[in-house]
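Q: Sharing a structure with you now.
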Amino acid sequence: MNESSRLLDDQENHRCSYGSNNPQTFISSQTESSDVVYQQVQNKLKNKLKYFLMNPIEKWRTKGKIPWKLGLQVVKIIIITVQLGLFGSDNYKYELQKYNTEVSFRHIFLKDWKAGRDNVVYPPSFGAYAVYTKSEFFDSINFVIDKHSSINLSSVGSFRYDTDNDEISSITLCKIQYQSCEIWSFNSSAVIDTSTEQLCLEILPIYPAGDPRWHTFSIEKFIKEKNFSINFDCLLNVKLNFSLKAIYLKPASISEVPDCYKLHIFINYDNSKHDGQMVVSLDTSAVKRDCHLNVKNNDYKYIYVFRQLLNAIVIIVCVLSLILCVRSLYRAQILRRKIVQCFNRCYGKTLPFEEQVQFIDLWYVMIIINDILIIIGSAIKIELEHKTIEGDQYDNCSIFLGTGNLLVWAGVLRYLGFFKKYNILILTIKRALPNVMRFMLCAILLYSGFCFCGWLVLGPYHIKFQSLSSTSECLFSMMNGDDLFATFAIINTQNSLIWWFSRFYLYLFISLFIYVVISLFISVIMDSYETIKEVYTGEIPKSELQLFINDENISKSL
């Protein structure tokens, strides 16, 4: 706190130390010099408060003070949007590359994989990709081993074995099963030790890559020779995993260079449900590796420098914005403390909480949050472009930068609020928020009841109600009029009781939430909107702080 502020506190404490609650009584009973000092203290405090409540444009017109924070936010919006556009393009390319690689591996290693399974459609046009017999299970593994033995020769991609001299690599087969289990079908009895164990067998290459003898390789015979039996009654899961190297040669561009990865492929056979089918899935994970490149076109280096420079500028601007906003919040709290002391000591009254909240500018809080998010996201982006962290960090970076950019653009509403004709949206939301939150709490309780009921009763018979999250998504979509007939039509049951219950349940939910809840929700918003319109057209009630600034009688307002 500076010297003038301490002097102001001393003068104010001296003025209010006599315990008088009525300023007029104090003025009439003190000397003229004390009255002048008091008036100066009050005027300084009122001027500070009046200046604090001004927006940046009004401050600029009043004192000619350049609105640095406003200018900095405008610059920040521009450079962050440019940064986000560049990163969005990179993120899309990386995720598309990762997705296409997984699609390629599914077509290569999964027997009879159909192209229609690559696209996510709703409802699905195919059932689960699974094996249903022991022979299908062993044939599927044999197919994987056969394709793996010639991947460097048959694939159109730049996939190679993760070994020296490009020699064929091994495949690891792991099984997870119960420790022991015995089943007697004649009397439907079983003895099972539910503790699990994992056993692995490494399938070492017995032939060179591309050898025709791999076509007749039998995994069933191989595991028998290794005393590695598979008891399907005890079996929970089988996993094949192996690694490949890949070099992604990018399209001809001055900003693209090849990337090198080590790819881990996992093929999983899930038998945990013991329902007669083993669902097969393929997943990959990528680890970035150093590339030894000799690229003739070195223009990409200038693009790299530009991107890193842009990231550095974004971080510097966000740090400056963060410092300015934190400083403003700190100064506002100092002023709030002075005003509260003045009301307590000079008027014997407490400044209402809702008016003390005005000294916490939530716009500044939002700016501080988006600055922190963007700084973290930009730091991750620097590492990604420098290729010092894994590509999977693209997801984390996109969350930080995307959320930060959302809050930056939402902050533009603050500047529109300087104009009364554009301020009605902000004021309506601010006015309606408490009522909306209370209304939403009641609606959420009722909505949760419908979610649990639908998931419990319809989950086994309806694809949209198979999990609690999908049930909630289905009901929320129905609230907005999405796919209503299909929700009624695709229930899969011959049980008439469940069928009639589903009709009653869906009709009740649609009638209650579409015709009642949503209508009431809109009416809450409209009520706040009408109130704001009346305030604009009529006399605006003055707050305690406004009465204090205008030298009006505060006691009449309490």
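Residue names in the structure tokens use chain letters A, B, ... in the order shown, residue numbers from 1 in each chain, and ligand numbers from 1 in the order shown.
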From range 23-247 of chain A, collect each residue whose DSSP state is helix (DSSP H, G or I) and return the set as a ChimeraX atom specification.

A: /A:23-29,32-52,56-63,68-109,115-118,134-149,151-154,164-166,212-216,219-225

Q: Any idea what's packed within 12 Å of Asp361 in chain A, counting only C-alpha atoms, ignoring anything in its chain fewer than 2 positions away? Could you give it as a ChimeraX atom specification?

A: /A:52-53,55,325-333,355-359,363-368,414

Q: Let me make sure I understand: among A:Asn405, A:Gln177, A:Thr471, A:Ser155, which one has the smallest atom-to-atom distance to Gly88 in chain A if we use only C-alpha atoms?

A: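 Checking each candidate against Gly88 in chain A, we get A:Asn405 as the closest.
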
Q: So that I can check the surroundings of Asn311 in chain A, please list as a PyMOL selection string every protein, DNA and RNA residue that reaches within 12 Å of it, counting only C-alpha atoms and ignoring chain neighbours fewer than 2 positions away.

A: chain A and resi 76+79-84+86-87+304-309+313-318+374-386+401

Q: Kindly indicate which residue among A:Tyr515, A:Phe485, A:Phe504, A:Trp113 lies nearest to Ala130 in chain A, using only C-alpha atoms for the distances.

A: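 The shortest atom-to-atom distance to Ala130 in chain A comes from A:Trp113.
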
Q: Need to verify the contact set: Leu433 in chain A, 10 Å, only C-alpha atoms, exclusion of same-chain residues closer than 4 positions in sequence. Can you return it as a list in words?

A: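 Selected residues are Leu427, Thr428, Ile429, Met437, Arg438, Phe439, Val524, Ile525 and Ser528 of chain A.
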
Q: Within 7 Å of range 201-207 of chain A, counting only C-alpha atoms, which residues show up once you throw out same-chain ones fewer than 4 positions away? Write them as a list in words, please.

A: Ile168, Ser169, Ser170, Ile171, Thr172, Leu173, Cys174 and Asp211 of chain A

Q: Counting only C-alpha atoms, which residues of range 207-295 of chain A sit at most 10 Å from some atom of range 180-189 of chain A, and what is each one's closest atom pair with its distance in Å to one decimal, listed by chain and rising residue number, as a Markdown table?

A:
| residue | atom | partner | partner_atom | distance |
| --- | --- | --- | --- | --- |
| A:Asn231 | CA | A:Cys181 | CA | 9.2 |
| A:Asp233 | CA | A:Cys181 | CA | 7.4 |
| A:Cys234 | CA | A:Cys181 | CA | 5.9 |
| A:Leu235 | CA | A:Cys181 | CA | 9.7 |

Q: Generate the output file for the selected residues, all heavy atoms, as a tab-separated table (two decimals), in the first residue's frame.

A:
chain	number	residue	atom	x	y	z
A	231	ASN	N	-7.55	-73.69	-21.54
A	231	ASN	CA	-8.81	-74.24	-21.05
A	231	ASN	C	-9.87	-73.15	-21.19
A	231	ASN	O	-9.88	-72.18	-20.44
A	231	ASN	CB	-8.67	-74.68	-19.59
A	231	ASN	CG	-9.93	-75.35	-19.06
A	231	ASN	OD1	-10.98	-75.31	-19.70
A	231	ASN	ND2	-9.82	-75.95	-17.88
A	233	ASP	N	-12.92	-73.07	-20.46
A	233	ASP	CA	-13.83	-72.91	-19.32
A	233	ASP	C	-13.25	-71.94	-18.29
A	233	ASP	O	-13.99	-71.21	-17.63
A	233	ASP	CB	-14.09	-74.27	-18.66
A	233	ASP	CG	-14.88	-75.20	-19.55
A	233	ASP	OD1	-15.63	-74.69	-20.40
A	233	ASP	OD2	-14.72	-76.43	-19.43
A	234	CYS	N	-11.93	-71.93	-18.15
A	234	CYS	CA	-11.27	-71.03	-17.19
A	234	CYS	C	-10.79	-69.74	-17.84
A	234	CYS	O	-10.43	-68.79	-17.13
A	234	CYS	CB	-10.08	-71.73	-16.55
A	234	CYS	SG	-10.50	-73.24	-15.65
A	235	LEU	N	-10.77	-69.70	-19.16
A	235	LEU	CA	-10.14	-68.59	-19.87
A	235	LEU	C	-10.96	-67.31	-19.76
A	235	LEU	O	-12.18	-67.32	-19.95
A	235	LEU	CB	-9.97	-68.96	-21.35
A	235	LEU	CG	-9.21	-67.97	-22.22
A	235	LEU	CD1	-7.77	-67.86	-21.77
A	235	LEU	CD2	-9.29	-68.38	-23.69

Q: If DSSP is run on the backbone, what residues of range 187-300 of chain A are strand (DSSP E)? A reply as a short mmCIF file (atom, residue, chain, number, x, y, z; two decimals) with N, CA and C atoms, in the first residue's frame would be ideal.

A:
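Result saved to selection.cif:
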data_model
loop_
_atom_site.label_atom_id
_atom_site.label_comp_id
_atom_site.auth_asym_id
_atom_site.auth_seq_id
_atom_site.Cartn_x
_atom_site.Cartn_y
_atom_site.Cartn_z
N SER A 189 -22.74 -78.41 -11.86
CA SER A 189 -21.95 -77.98 -10.71
C SER A 189 -20.56 -77.59 -11.16
N ALA A 190 -19.89 -76.78 -10.36
CA ALA A 190 -18.56 -76.29 -10.71
C ALA A 190 -17.80 -75.91 -9.45
N VAL A 191 -16.49 -76.06 -9.52
CA VAL A 191 -15.59 -75.61 -8.46
C VAL A 191 -14.60 -74.65 -9.12
N ILE A 192 -14.61 -73.38 -8.68
CA ILE A 192 -13.81 -72.35 -9.34
C ILE A 192 -13.04 -71.55 -8.30
N ASP A 193 -11.75 -71.37 -8.56
CA ASP A 193 -10.91 -70.46 -7.79
C ASP A 193 -10.88 -69.14 -8.57
N THR A 194 -11.58 -68.12 -8.08
CA THR A 194 -11.77 -66.89 -8.85
C THR A 194 -10.53 -66.00 -8.91
N SER A 195 -9.49 -66.33 -8.19
CA SER A 195 -8.25 -65.57 -8.36
C SER A 195 -7.68 -65.85 -9.74
N THR A 196 -7.10 -64.83 -10.36
CA THR A 196 -6.65 -64.95 -11.75
C THR A 196 -5.13 -65.00 -11.83
N GLU A 197 -4.66 -65.51 -12.95
CA GLU A 197 -3.24 -65.55 -13.23
C GLU A 197 -3.01 -65.22 -14.70
N GLN A 198 -1.86 -64.67 -14.99
CA GLN A 198 -1.49 -64.35 -16.37
C GLN A 198 -0.24 -65.12 -16.75
N LEU A 199 -0.34 -65.85 -17.86
CA LEU A 199 0.78 -66.63 -18.37
C LEU A 199 1.04 -66.20 -19.80
N CYS A 200 2.32 -66.05 -20.15
CA CYS A 200 2.68 -65.57 -21.48
C CYS A 200 3.62 -66.57 -22.16
N LEU A 201 3.49 -66.60 -23.47
CA LEU A 201 4.34 -67.45 -24.30
C LEU A 201 4.84 -66.62 -25.47
N GLU A 202 6.14 -66.61 -25.65
CA GLU A 202 6.73 -65.85 -26.76
C GLU A 202 6.85 -66.76 -27.98
N ILE A 203 6.24 -66.33 -29.07
CA ILE A 203 6.28 -67.08 -30.32
C ILE A 203 7.48 -66.59 -31.11
N LEU A 235 -10.77 -69.70 -19.16
CA LEU A 235 -10.14 -68.59 -19.87
C LEU A 235 -10.96 -67.31 -19.76
N LEU A 236 -10.28 -66.20 -19.46
CA LEU A 236 -10.92 -64.89 -19.41
C LEU A 236 -10.51 -64.00 -20.57
N ASN A 237 -9.25 -64.09 -20.95
CA ASN A 237 -8.77 -63.17 -21.97
C ASN A 237 -7.51 -63.73 -22.61
N VAL A 238 -7.37 -63.50 -23.92
CA VAL A 238 -6.14 -63.82 -24.64
C VAL A 238 -5.71 -62.58 -25.38
N LYS A 239 -4.43 -62.27 -25.31
CA LYS A 239 -3.93 -61.06 -25.96
C LYS A 239 -2.67 -61.38 -26.75
N LEU A 240 -2.68 -60.94 -28.01
CA LEU A 240 -1.48 -61.00 -28.84
C LEU A 240 -0.90 -59.60 -28.92
N ASN A 241 0.39 -59.47 -28.74
CA ASN A 241 1.00 -58.16 -28.89
C ASN A 241 2.36 -58.29 -29.55
N PHE A 242 2.65 -57.32 -30.41
CA PHE A 242 3.93 -57.26 -31.10
C PHE A 242 4.17 -55.81 -31.50
N SER A 243 5.37 -55.52 -31.96
CA SER A 243 5.75 -54.15 -32.28
C SER A 243 6.26 -54.06 -33.71
N LEU A 244 6.00 -52.90 -34.31
CA LEU A 244 6.49 -52.59 -35.66
C LEU A 244 7.05 -51.18 -35.67
N LYS A 245 7.89 -50.90 -36.63
CA LYS A 245 8.39 -49.55 -36.86
C LYS A 245 7.67 -48.97 -38.08
N ALA A 246 7.48 -47.66 -38.05
CA ALA A 246 6.80 -47.00 -39.17
C ALA A 246 7.42 -45.64 -39.42
N ILE A 247 7.53 -45.28 -40.68
CA ILE A 247 7.96 -43.94 -41.08
C ILE A 247 6.83 -43.34 -41.90
N TYR A 248 6.29 -42.22 -41.42
CA TYR A 248 5.20 -41.55 -42.12
C TYR A 248 5.78 -40.44 -42.99
N ASP A 259 7.79 -38.45 -39.92
CA ASP A 259 7.77 -38.82 -38.51
C ASP A 259 8.07 -40.30 -38.39
N CYS A 260 8.80 -40.67 -37.34
CA CYS A 260 9.15 -42.06 -37.08
C CYS A 260 8.51 -42.50 -35.77
N TYR A 261 7.88 -43.67 -35.80
CA TYR A 261 7.19 -44.18 -34.62
C TYR A 261 7.49 -45.65 -34.41
N LYS A 262 7.42 -46.06 -33.16
CA LYS A 262 7.37 -47.47 -32.81
C LYS A 262 5.93 -47.77 -32.44
N LEU A 263 5.31 -48.69 -33.15
CA LEU A 263 3.90 -48.99 -32.99
C LEU A 263 3.74 -50.30 -32.23
N HIS A 264 2.99 -50.24 -31.14
CA HIS A 264 2.65 -51.45 -30.38
C HIS A 264 1.23 -51.87 -30.77
N ILE A 265 1.08 -53.09 -31.24
CA ILE A 265 -0.23 -53.60 -31.67
C ILE A 265 -0.70 -54.63 -30.67
N PHE A 266 -1.95 -54.46 -30.20
CA PHE A 266 -2.56 -55.38 -29.24
C PHE A 266 -3.85 -55.93 -29.85
N ILE A 267 -3.93 -57.24 -29.97
CA ILE A 267 -5.14 -57.91 -30.46
C ILE A 267 -5.71 -58.70 -29.28
N ASN A 268 -6.91 -58.35 -28.89
CA ASN A 268 -7.50 -58.86 -27.66
C ASN A 268 -8.69 -59.77 -27.97
N TYR A 269 -8.74 -60.93 -27.31
CA TYR A 269 -9.86 -61.88 -27.40
C TYR A 269 -10.50 -61.95 -26.02
N ASP A 270 -11.69 -61.36 -25.92
CA ASP A 270 -12.34 -61.21 -24.62
C ASP A 270 -13.34 -62.34 -24.40
N MET A 278 -16.22 -64.72 -28.24
CA MET A 278 -15.03 -64.00 -27.80
C MET A 278 -14.90 -62.77 -28.70
N VAL A 279 -15.19 -61.61 -28.15
CA VAL A 279 -15.14 -60.37 -28.92
C VAL A 279 -13.68 -60.03 -29.18
N VAL A 280 -13.37 -59.73 -30.45
CA VAL A 280 -12.00 -59.45 -30.87
C VAL A 280 -11.85 -57.96 -31.12
N SER A 281 -10.80 -57.38 -30.60
CA SER A 281 -10.54 -55.95 -30.81
C SER A 281 -9.05 -55.75 -31.05
N LEU A 282 -8.73 -54.68 -31.78
CA LEU A 282 -7.35 -54.33 -32.06
C LEU A 282 -7.11 -52.89 -31.64
N ASP A 283 -6.07 -52.68 -30.88
CA ASP A 283 -5.68 -51.34 -30.44
C ASP A 283 -4.20 -51.13 -30.71
N THR A 284 -3.83 -49.87 -30.83
CA THR A 284 -2.43 -49.53 -31.06
C THR A 284 -2.02 -48.40 -30.14
N SER A 285 -0.76 -48.34 -29.86
CA SER A 285 -0.16 -47.19 -29.17
C SER A 285 1.14 -46.86 -29.89
N ALA A 286 1.45 -45.58 -29.94
CA ALA A 286 2.60 -45.11 -30.72
C ALA A 286 3.61 -44.43 -29.81
N VAL A 287 4.86 -44.71 -30.03
CA VAL A 287 5.97 -44.06 -29.32
C VAL A 287 6.86 -43.40 -30.36
N LYS A 288 7.04 -42.09 -30.24
CA LYS A 288 7.84 -41.36 -31.21
C LYS A 288 9.32 -41.73 -31.07
N ARG A 289 9.97 -41.87 -32.22
CA ARG A 289 11.39 -42.21 -32.24
C ARG A 289 12.13 -41.18 -33.07
#

Q: So, counting only C-alpha atoms, which residue among A:Leu310, A:Thr216, A:Asp482, A:Ala128 is closest to Lys114 in chain A?

A: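 Of A:Leu310, A:Thr216, A:Asp482, A:Ala128, the one nearest Lys114 in chain A is A:Ala128, counting only C-alpha atoms.
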
Q: Expressed in Å to a single decimal, how great is the separation between CA of Phe452 in chain A and CA of Ser472 in chain A?

A: 8.9 Å

Q: As an exercise, work out the distance from CA of Ile399 in chain A to CA of Leu441 in chain A in Å and give it to one decimal place.

A: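 Here the two named atoms are 27.7 Å from each other.
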
Q: Quick one: pull the distance between CA of Met440 in chain A and CA of Trp455 in chain A, Å, one decimal.

A: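 So the two atoms, CA of Met440 in chain A and CA of Trp455 in chain A, lie 21.6 Å apart.
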
Q: For Leu153 in chain A, work out the shell of residues within 12 Å, counting only C-alpha atoms and skipping chain neighbours fewer than 5 positions away, then give it as a list in words.

A: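 The contact residues come out as Lys147, His148, Ser158, Phe159, Arg160, Tyr161, Asp166, Ile168, Ala209, Gly210 and Asp211 of chain A.
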
Q: Compile the contact shell of Leu468 in chain A as an MDAnalysis selection string: residues with an atom at most 12 Å away, counting only C-alpha atoms, same-chain residues fewer than 6 positions apart removed.

A: chainID A and resid 448:460 474:475
